[in-house]
Amino acid sequence: MHNNKEILRNNEEIRRLLVGDKMSLYDQLGGEGTISQVVADFYDRVSTHEVTSKWFVKVDPDTLRHHLRTYLAVALGGPELYSGRSMRNAHGPLKITTEAFDTMLRCFAEAFDGLGVPATMSTQVNARLNSLRAVVVTSHRA
């Protein structure tokens, strides 16, 4: 388990790397309500998609949705505290492929689109998520 100082340091690093000094996308998107809806839709898509479903068979959906929601909120400049593992530690052992990562990005884009989020904002979110590619994709086999 992480201690509070480690959690705060990790959250500040996420915000610094993925948010910077820009206006918060979290607030532009509508805050917690929108993020929760996007995560629910995203999870339904990615956990049943033929390319990505195998990674979701043995996970607790509620726990994963919670981690997804808090991580995404922090990454978009929201006030939540993400206390989960680093992206490298959480995804490294899973041998996630480029195809699976690209599918994940499309599922997020479809979830945002389904809520009527303007394409310009969805593109900004996608760019932030795409910046995680180097630590999430650990297998280059299909």
# chains A, B, ... in the order shown; residues from 1 in each chain; ligands from 1

call {"tool": "select_by_dssp", "arguments": {"residues": "segment 33-116 of chain A", "states": "helix (DSSP H, G or I)", "output": "PyMOL selection string"}}
result
chain A and resi 33-46+53-56+61-75+87-94+98-114

call {"tool": "select_by_dssp", "arguments": {"residues": "chain A", "states": "strand (DSSP E or B)", "output": "JSON list (two decimals) with N, CA and C atoms, in the first residue's frame"}}
result
[["chain", "number", "residue", "atom", "x", "y", "z"],
["A", 96, "ILE", "N", 0.87, -5.81, -23.18],
["A", 96, "ILE", "CA", -0.11, -5.11, -24.02],
["A", 96, "ILE", "C", 0.54, -4.73, -25.36],
["A", 97, "THR", "N", -0.19, -4.97, -26.42],
["A", 97, "THR", "CA", 0.32, -4.73, -27.77],
["A", 97, "THR", "C", -0.07, -3.33, -28.27],
["A", 137, "VAL", "N", 2.52, -0.10, -23.58],
["A", 137, "VAL", "CA", 2.77, -1.12, -24.61],
["A", 137, "VAL", "C", 4.11, -1.79, -24.30],
["A", 138, "THR", "N", 4.03, -3.08, -23.98],
["A", 138, "THR", "CA", 5.26, -3.82, -23.64],
["A", 138, "THR", "C", 5.47, -5.03, -24.54],
["A", 139, "SER", "N", 4.55, -5.26, -25.45],
["A", 139, "SER", "CA", 4.70, -6.36, -26.39],
["A", 139, "SER", "C", 4.48, -5.82, -27.79]]

call {"tool": "closest_residue", "arguments": {"among": "A:Gly78, A:Pro61, A:Pro93, A:Gly84", "to": "Thr34 of chain A", "atoms": "only C-alpha atoms"}}
result
A:Gly78

call {"tool": "residues_around", "arguments": {"residues": "segment 106-123 of chain A", "least_positions_apart": "2", "cutoff": "6 Å", "atoms": "only C-alpha atoms", "output": "PyMOL selection string"}}
result
chain A and resi 38+41-42+103-104+125-126

call {"tool": "closest_residue", "arguments": {"among": "A:Ala40, A:Lys95, A:His140, A:Asp102", "to": "Trp55 of chain A", "atoms": "only C-alpha atoms"}}
result
A:Lys95

call {"tool": "residues_around", "arguments": {"residues": "Ser53 of chain A", "least_positions_apart": "3", "cutoff": "12 Å", "atoms": "only C-alpha atoms", "output": "number ranges by chain"}}
result
A: 43-50, 56-59, 96, 100, 103-104

call {"tool": "write_last_selection", "arguments": {"atoms": "C-alpha atoms", "output": "compact mmCIF listing (two decimals), in the first residue's frame"}}
result
# COMPACT_ATOMS: atom_id res chain seq x y z
CA TYR A 43 -15.06 -0.06 -19.81
CA ASP A 44 -18.08 -1.65 -21.50
CA ARG A 45 -16.42 -1.20 -24.90
CA VAL A 46 -12.87 -2.26 -24.06
CA SER A 47 -13.83 -5.21 -21.84
CA THR A 48 -15.91 -6.77 -24.63
CA HIS A 49 -13.80 -5.83 -27.65
CA GLU A 50 -12.24 -8.82 -29.41
CA PHE A 56 -10.37 -7.87 -18.45
CA VAL A 57 -11.42 -11.44 -17.71
CA LYS A 58 -9.79 -11.73 -14.27
CA VAL A 59 -10.21 -8.18 -12.97
CA ILE A 96 -0.11 -5.11 -24.02
CA ALA A 100 -4.59 -3.22 -28.06
CA THR A 103 -8.08 -0.09 -29.65
CA MET A 104 -8.16 1.42 -26.16

call {"tool": "residues_around", "arguments": {"residues": "Leu76 of chain A", "least_positions_apart": "4", "cutoff": "7 Å", "atoms": "only C-alpha atoms", "output": "list of chain:residue names"}}
result
A:Val19, A:Ser24, A:Leu25, A:Tyr26, A:Leu72

call {"tool": "write_last_selection", "arguments": {"atoms": "N, CA and C atoms", "output": "PDB file, in the first residue's frame"}}
result
ATOM      1  N   VAL A  19      -0.876  17.223 -17.650  1.00  0.00           N
ATOM      2  CA  VAL A  19      -1.724  18.415 -17.630  1.00  0.00           C
ATOM      3  C   VAL A  19      -0.919  19.682 -17.833  1.00  0.00           C
ATOM      4  N   SER A  24      -7.769  23.219 -17.232  1.00  0.00           N
ATOM      5  CA  SER A  24      -8.170  21.851 -16.946  1.00  0.00           C
ATOM      6  C   SER A  24      -9.202  21.309 -17.937  1.00  0.00           C
ATOM      7  N   LEU A  25      -8.840  20.243 -18.613  1.00  0.00           N
ATOM      8  CA  LEU A  25      -9.807  19.550 -19.468  1.00  0.00           C
ATOM      9  C   LEU A  25     -10.904  18.910 -18.631  1.00  0.00           C
ATOM     10  N   TYR A  26     -10.550  18.527 -17.433  1.00  0.00           N
ATOM     11  CA  TYR A  26     -11.514  17.925 -16.509  1.00  0.00           C
ATOM     12  C   TYR A  26     -12.723  18.846 -16.341  1.00  0.00           C
ATOM     13  N   LEU A  72      -7.899   8.998 -14.839  1.00  0.00           N
ATOM     14  CA  LEU A  72      -8.292   9.908 -15.915  1.00  0.00           C
ATOM     15  C   LEU A  72      -8.574  11.306 -15.365  1.00  0.00           C
TER      16      LEU A  72
END

call {"tool": "decode", "arguments": {"residues": "segment 57-100 of chain A", "atoms": "C-alpha atoms", "output": "CSV table (one decimal), in the first residue's frame"}}
result
chain,number,residue,atom,x,y,z
A,57,VAL,CA,-11.4,-11.4,-17.7
A,58,LYS,CA,-9.8,-11.7,-14.3
A,59,VAL,CA,-10.2,-8.2,-13.0
A,60,ASP,CA,-12.8,-6.8,-10.6
A,61,PRO,CA,-14.8,-4.4,-12.8
A,62,ASP,CA,-15.7,-2.0,-10.0
A,63,THR,CA,-12.1,-1.7,-8.8
A,64,LEU,CA,-10.8,-1.2,-12.3
A,65,ARG,CA,-13.5,1.4,-13.1
A,66,HIS,CA,-12.6,3.3,-9.9
A,67,HIS,CA,-8.9,3.3,-10.9
A,68,LEU,CA,-9.7,4.4,-14.4
A,69,ARG,CA,-11.9,7.2,-13.2
A,70,THR,CA,-9.5,8.6,-10.7
A,71,TYR,CA,-6.5,8.2,-13.0
A,72,LEU,CA,-8.3,9.9,-15.9
A,73,ALA,CA,-9.5,12.7,-13.6
A,74,VAL,CA,-6.0,13.4,-12.4
A,75,ALA,CA,-4.6,13.2,-15.9
A,76,LEU,CA,-7.1,15.8,-17.1
A,77,GLY,CA,-6.5,18.1,-14.2
A,78,GLY,CA,-9.2,17.1,-11.8
A,79,PRO,CA,-9.0,17.2,-8.0
A,80,GLU,CA,-9.1,13.5,-7.3
A,81,LEU,CA,-6.2,11.5,-5.8
A,82,TYR,CA,-5.1,8.5,-7.8
A,83,SER,CA,-3.7,5.9,-5.3
A,84,GLY,CA,-3.2,3.0,-7.7
A,85,ARG,CA,0.0,1.6,-9.2
A,86,SER,CA,2.0,3.4,-11.8
A,87,MET,CA,1.1,2.8,-15.4
A,88,ARG,CA,4.3,1.0,-15.9
A,89,ASN,CA,3.8,-1.3,-12.9
A,90,ALA,CA,0.1,-1.9,-13.6
A,91,HIS,CA,0.5,-2.7,-17.3
A,92,GLY,CA,4.1,-3.9,-17.8
A,93,PRO,CA,3.4,-7.6,-16.9
A,94,LEU,CA,0.3,-7.7,-19.2
A,95,LYS,CA,2.3,-7.6,-22.4
A,96,ILE,CA,-0.1,-5.1,-24.0
A,97,THR,CA,0.3,-4.7,-27.8
A,98,THR,CA,0.2,-1.7,-30.0
A,99,GLU,CA,-3.0,-3.0,-31.5
A,100,ALA,CA,-4.6,-3.2,-28.1
